[in-house]
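Read through the structure below, which is laid out as structure tokens, and then see the notes.
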Amino acid sequence: MRVLVIHAHPDPESFGRALLTAALDGLSRAGHDATVIDLYALDYPGGPTRDEWRAYETESPVLDPMVAEHVELVRSAEALVFVYPTWWSAMPAIMKSWLERTMVMGLAFTLDERTRLIRPGLGHVRHLVGISTYGSPRWYVKLVNDNGRRTITRTLRLSTGGTARTTWLPLYTLDGQSPEGRTAFLDRVRRSMEKLS
Amino acid sequence: MKVLVVHAHPDPESFNHELMQRVVRGLRSADHDVRVRDLYAENFDPRLSLDEKRNHIAPPDTKPQLAEYYDELRWCEALVFVHPTWWGAQPAMLKGWIDRVWACGVAWELPEGAKRLKPTLHNVRRIVTFTTHGSPWRINALQGVPGRRIVNRSLRVICHPLCRTRWIALYSMDSSTPDRRERFLRRAERVASRL
């Protein structure tokens, strides 16, 4: 299976990076063909520009060659895996920017000219996966609505026509985890990615 | 009242930019002390840096590049957000303002030995959002209203214990008529003038 892994963490020596490595380990053990987009390493921009916004609903919404490349990667992916730390209950800005710039008209959805309603465009994506760390405990994350998770497992899932399976791998209370707790979570991520089908 | 308006839209000729201007006009008509942060106009970098991440519990004076932003967040009594809703939530530009500016020693503290952070942004007593959604209300409901809850829950708990929130939204922008948009602008200005 072709898997596109999107990663956001400013620190290449972080636990967040170890999660990426664990996910890739699991995917390669299962023989999946994984491609990584490491947003901080790419110095990915922080949002669509004025010209990109103006082009968004046109026939050619992509102006940046890097975005064009990412659009092709999404088009051929059967699974999208997001690996990021949750900040303020949601994904880091750089990852939100990636969604805004990549998931354009013609890829993530199409606009029905007659009704002016959008139609899903990611029907080929069978699996959506999120791997995320949280500073807060689980009850608190639930209280504030786990917004990053909802952006992926609901908002993005609507673009698959509601058909994609979703897997969410959260590690709560990151700062309170023992080294064993962290290792156990890395194992869980590895195993879960190995079983992705 | 001291009001900080934070705006994120890349196009100064957009409906959303006009919305921001009408909101500011409404606020000024009621003699509020208004400051505007137009994040795109000033080319704000919304990406939390490696240095900011590694020093995220260091005191604010270790990040002089954000001093101005910290000061106005501590200064305001009301926060007003004006932005489009994209992928169910705030534009990356605005999310990044939150990621970087709502920092330790500004919005919260982590006292020695404490396990949970302590909210300190008690100066903020009102949060009002003016936003536009391309899709209908029911789509946003299916999405689980993430954008609204990032602000009205996750940020709200850091503010004054009695802080009140409001969400003023125009849904179905993609199929809206000029008349409906104009009515929304008038409503937004009215709401702002009565803050």
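Chain labels follow the order of the structure tokens: the first chain is A, the next B, and so on; residue numbering restarts at 1 in every chain, and ligands are counted from 1 in their shown order.
The list of chain B residues within 7 Å of chain A is Pro10, Asp11, Asp45, Pro46, Arg47, Ser49, Leu50, Trp87, Gly88, Ala92, Met93, Lys95, Gly96, Asp99, Gln143, Gly144, Pro146, Arg149, Ile150, Arg153, Ser154, Asp174 and Ser175 of chain B; this uses only C-alpha atoms.
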For those residues, write N, CA and C atoms to a file as an mmCIF file, in the first residue's frame.
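New file selection23.cif:
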```cif
data_model
loop_
_atom_site.group_PDB
_atom_site.id
_atom_site.type_symbol
_atom_site.label_atom_id
_atom_site.label_comp_id
_atom_site.auth_asym_id
_atom_site.auth_seq_id
_atom_site.Cartn_x
_atom_site.Cartn_y
_atom_site.Cartn_z
ATOM 1 N N PRO B 10 -5.387 36.337 3.732
ATOM 2 C CA PRO B 10 -4.295 36.768 2.852
ATOM 3 C C PRO B 10 -4.658 37.894 1.888
ATOM 4 N N ASP B 11 -5.943 38.107 1.639
ATOM 5 C CA ASP B 11 -6.315 39.058 0.595
ATOM 6 C C ASP B 11 -6.971 40.318 1.161
ATOM 7 N N ASP B 45 5.188 35.145 11.012
ATOM 8 C CA ASP B 45 5.581 33.756 10.805
ATOM 9 C C ASP B 45 4.867 32.886 11.843
ATOM 10 N N PRO B 46 3.908 32.061 11.424
ATOM 11 C CA PRO B 46 3.118 31.300 12.388
ATOM 12 C C PRO B 46 3.780 30.014 12.881
ATOM 13 N N ARG B 47 4.999 29.747 12.411
ATOM 14 C CA ARG B 47 5.638 28.479 12.752
ATOM 15 C C ARG B 47 6.459 28.605 14.038
ATOM 16 N N SER B 49 9.237 28.127 16.389
ATOM 17 C CA SER B 49 10.599 27.767 15.975
ATOM 18 C C SER B 49 11.197 26.704 16.898
ATOM 19 N N LEU B 50 12.303 26.139 16.435
ATOM 20 C CA LEU B 50 13.022 25.144 17.236
ATOM 21 C C LEU B 50 13.424 25.737 18.587
ATOM 22 N N TRP B 87 -10.890 24.228 6.688
ATOM 23 C CA TRP B 87 -10.746 22.881 7.230
ATOM 24 C C TRP B 87 -11.236 22.843 8.674
ATOM 25 N N GLY B 88 -12.397 23.495 8.884
ATOM 26 C CA GLY B 88 -13.069 23.418 10.181
ATOM 27 C C GLY B 88 -12.477 24.301 11.252
ATOM 28 N N ALA B 92 -3.977 28.642 9.405
ATOM 29 C CA ALA B 92 -2.675 28.352 10.025
ATOM 30 C C ALA B 92 -2.061 29.627 10.606
ATOM 31 N N MET B 93 -2.214 30.720 9.886
ATOM 32 C CA MET B 93 -1.647 31.994 10.310
ATOM 33 C C MET B 93 -2.122 32.368 11.727
ATOM 34 N N LYS B 95 -3.610 30.133 13.921
ATOM 35 C CA LYS B 95 -3.232 29.060 14.837
ATOM 36 C C LYS B 95 -1.802 29.269 15.318
ATOM 37 N N GLY B 96 -0.947 29.746 14.403
ATOM 38 C CA GLY B 96 0.449 29.976 14.754
ATOM 39 C C GLY B 96 0.624 31.141 15.717
ATOM 40 N N ASP B 99 -0.052 29.442 18.898
ATOM 41 C CA ASP B 99 1.067 28.555 19.253
ATOM 42 C C ASP B 99 2.242 29.348 19.824
ATOM 43 N N GLN B 143 -18.300 18.054 11.315
ATOM 44 C CA GLN B 143 -16.851 18.149 11.536
ATOM 45 C C GLN B 143 -16.505 18.209 13.022
ATOM 46 N N GLY B 144 -17.513 18.448 13.838
ATOM 47 C CA GLY B 144 -17.281 18.512 15.278
ATOM 48 C C GLY B 144 -16.839 19.897 15.757
ATOM 49 N N PRO B 146 -14.395 22.064 15.310
ATOM 50 C CA PRO B 146 -13.093 22.221 15.956
ATOM 51 C C PRO B 146 -12.649 23.669 16.153
ATOM 52 N N ARG B 149 -14.216 25.419 19.102
ATOM 53 C CA ARG B 149 -13.848 24.870 20.412
ATOM 54 C C ARG B 149 -12.390 25.099 20.769
ATOM 55 N N ILE B 150 -11.539 25.281 19.766
ATOM 56 C CA ILE B 150 -10.152 25.670 20.067
ATOM 57 C C ILE B 150 -10.189 26.976 20.865
ATOM 58 N N ARG B 153 -13.099 26.913 24.147
ATOM 59 C CA ARG B 153 -12.744 25.998 25.245
ATOM 60 C C ARG B 153 -11.258 26.089 25.577
ATOM 61 N N SER B 154 -10.424 25.681 24.624
ATOM 62 C CA SER B 154 -9.005 25.559 24.925
ATOM 63 C C SER B 154 -8.375 26.900 25.338
ATOM 64 N N ASP B 174 -20.082 30.073 0.123
ATOM 65 C CA ASP B 174 -19.944 29.731 -1.288
ATOM 66 C C ASP B 174 -21.236 29.940 -2.069
ATOM 67 N N SER B 175 -22.373 29.896 -1.378
ATOM 68 C CA SER B 175 -23.634 30.050 -2.111
ATOM 69 C C SER B 175 -24.418 31.272 -1.613
#
```
Would you give me, as a PDB file with C-alpha atoms, in the first residue's frame, the residues in range 6-168 of chain B that DSSP reads as strand (DSSP E)?
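Output file states22.pdb is given in full below:
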```
ATOM      1  CA  VAL B   6      -6.489  39.647  15.512  1.00  0.00           C
ATOM      2  CA  HIS B   7      -7.167  39.191  11.823  1.00  0.00           C
ATOM      3  CA  ASP B  33      -9.418  51.425  22.727  1.00  0.00           C
ATOM      4  CA  VAL B  34      -8.699  49.202  19.705  1.00  0.00           C
ATOM      5  CA  ARG B  35      -5.468  47.646  18.479  1.00  0.00           C
ATOM      6  CA  VAL B  36      -5.429  45.605  15.285  1.00  0.00           C
ATOM      7  CA  ARG B  37      -3.071  42.750  14.437  1.00  0.00           C
ATOM      8  CA  ASP B  38      -3.387  41.965  10.753  1.00  0.00           C
ATOM      9  CA  ALA B  78     -11.327  41.729  25.005  1.00  0.00           C
ATOM     10  CA  LEU B  79      -9.985  39.567  22.205  1.00  0.00           C
ATOM     11  CA  VAL B  80     -11.696  39.774  18.842  1.00  0.00           C
ATOM     12  CA  PHE B  81     -10.842  37.291  16.094  1.00  0.00           C
ATOM     13  CA  VAL B  82     -11.804  37.895  12.479  1.00  0.00           C
ATOM     14  CA  HIS B  83     -10.923  35.091  10.066  1.00  0.00           C
ATOM     15  CA  PRO B  84     -12.304  32.603   7.551  1.00  0.00           C
ATOM     16  CA  THR B  85     -12.832  29.031   8.761  1.00  0.00           C
ATOM     17  CA  TRP B 108       0.148  30.510  31.774  1.00  0.00           C
ATOM     18  CA  GLU B 109       2.793  29.438  34.243  1.00  0.00           C
ATOM     19  CA  LYS B 118      -1.679  27.560  35.811  1.00  0.00           C
ATOM     20  CA  PRO B 119      -3.745  29.996  33.703  1.00  0.00           C
ATOM     21  CA  ARG B 126     -14.404  38.640  26.450  1.00  0.00           C
ATOM     22  CA  ILE B 127     -13.575  36.620  23.377  1.00  0.00           C
ATOM     23  CA  VAL B 128     -15.615  37.319  20.264  1.00  0.00           C
ATOM     24  CA  THR B 129     -15.057  35.601  16.922  1.00  0.00           C
ATOM     25  CA  PHE B 130     -16.364  36.779  13.564  1.00  0.00           C
ATOM     26  CA  THR B 131     -15.918  34.125  10.920  1.00  0.00           C
ATOM     27  CA  THR B 132     -17.119  32.854   7.573  1.00  0.00           C
ATOM     28  CA  HIS B 133     -17.618  29.228   6.541  1.00  0.00           C
ATOM     29  CA  ARG B 164     -17.601  35.287  28.086  1.00  0.00           C
ATOM     30  CA  THR B 165     -17.341  34.014  24.531  1.00  0.00           C
ATOM     31  CA  ARG B 166     -19.371  34.671  21.393  1.00  0.00           C
ATOM     32  CA  TRP B 167     -19.227  33.139  17.936  1.00  0.00           C
ATOM     33  CA  ILE B 168     -20.682  35.175  15.075  1.00  0.00           C
TER      34      ILE B 168
END
```
**OP:** List every residue of range 26-132 of chain A that DSSP, applied to the backbone of this structure, places in helix (DSSP H, G or I), and write the result as a PyMOL selection string.
**Re:** chain A and resi 26-29+50-55+65-75+93-102
**OP:** In Å, rounded to a single decimal, give me how far CA of Leu27 in chain B is from CA of Leu195 in chain B.
**Re:** 7.4 Å
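As for CA of Thr166 in chain A and CA of Glu180 in chain A, they are spaced 26.7 Å apart.
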Subject >> Shell around His32 in chain A at 6 Å using only C-alpha atoms, local window under 3 positions removed, as a list in words >> reply: Met1, Leu27 and Ser28 of chain A
I'd like the neighbourhood of Ser192 in chain A as a PDB file with N, CA and C atoms, in the first residue's frame, where a residue qualifies if any of its atoms comes within 10 Å (using only C-alpha atoms), though same-chain residues fewer than 6 positions away should be ignored.
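Written output follows (selection_21.pdb):
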```pdb
ATOM      1  N   ALA A  23       6.843   4.849  13.345  1.00  0.00           N
ATOM      2  CA  ALA A  23       5.774   4.632  12.361  1.00  0.00           C
ATOM      3  C   ALA A  23       6.369   4.084  11.061  1.00  0.00           C
ATOM      4  N   GLY A  26       7.407   0.413  11.342  1.00  0.00           N
ATOM      5  CA  GLY A  26       6.243  -0.480  11.249  1.00  0.00           C
ATOM      6  C   GLY A  26       5.770  -0.618   9.817  1.00  0.00           C
ATOM      7  N   LEU A  27       5.695   0.519   9.112  1.00  0.00           N
ATOM      8  CA  LEU A  27       5.214   0.493   7.720  1.00  0.00           C
ATOM      9  C   LEU A  27       6.149  -0.313   6.825  1.00  0.00           C
ATOM     10  N   VAL A 129      -4.746   8.136   9.522  1.00  0.00           N
ATOM     11  CA  VAL A 129      -4.124   7.801  10.802  1.00  0.00           C
ATOM     12  C   VAL A 129      -3.570   9.063  11.448  1.00  0.00           C
ATOM     13  N   THR A 167      -7.616   5.645  12.378  1.00  0.00           N
ATOM     14  CA  THR A 167      -6.893   5.105  13.523  1.00  0.00           C
ATOM     15  C   THR A 167      -6.299   6.283  14.266  1.00  0.00           C
ATOM     16  N   TRP A 168      -6.523   6.365  15.560  1.00  0.00           N
ATOM     17  CA  TRP A 168      -5.957   7.467  16.333  1.00  0.00           C
ATOM     18  C   TRP A 168      -5.078   6.896  17.436  1.00  0.00           C
ATOM     19  N   LEU A 169      -3.817   7.314  17.439  1.00  0.00           N
ATOM     20  CA  LEU A 169      -2.872   6.826  18.442  1.00  0.00           C
ATOM     21  C   LEU A 169      -2.387   8.005  19.287  1.00  0.00           C
ATOM     22  N   LEU A 186       5.910   3.855  21.685  1.00  0.00           N
ATOM     23  CA  LEU A 186       6.623   3.670  20.406  1.00  0.00           C
ATOM     24  C   LEU A 186       6.339   2.277  19.837  1.00  0.00           C
TER      25      LEU A 186
END
```
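The smallest atom-to-atom distance between Asp25 in chain A and any of A:Asp38, A:Glu194, A:Glu59, A:Glu78, using only C-alpha atoms, is found for A:Glu194.
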Subject >> Spatial neighbours of Tyr134 in chain A, max dist 6 Å, only C-alpha atoms, sep filter under 4 positions, as JSON, numbers by chain >> reply: {"A": [86, 172, 173, 174]}
Please produce an output containing C-alpha atoms for each residue in the selection, written as a JSON list (two decimals), in the first residue's frame.
```
[["chain", "number", "residue", "atom", "x", "y", "z"],
["A", 86, "THR", "CA", -1.01, 18.60, 19.77],
["A", 172, "TYR", "CA", -1.59, 11.85, 26.79],
["A", 173, "THR", "CA", 0.28, 13.63, 29.64],
["A", 174, "LEU", "CA", 3.54, 13.45, 27.71]]
```
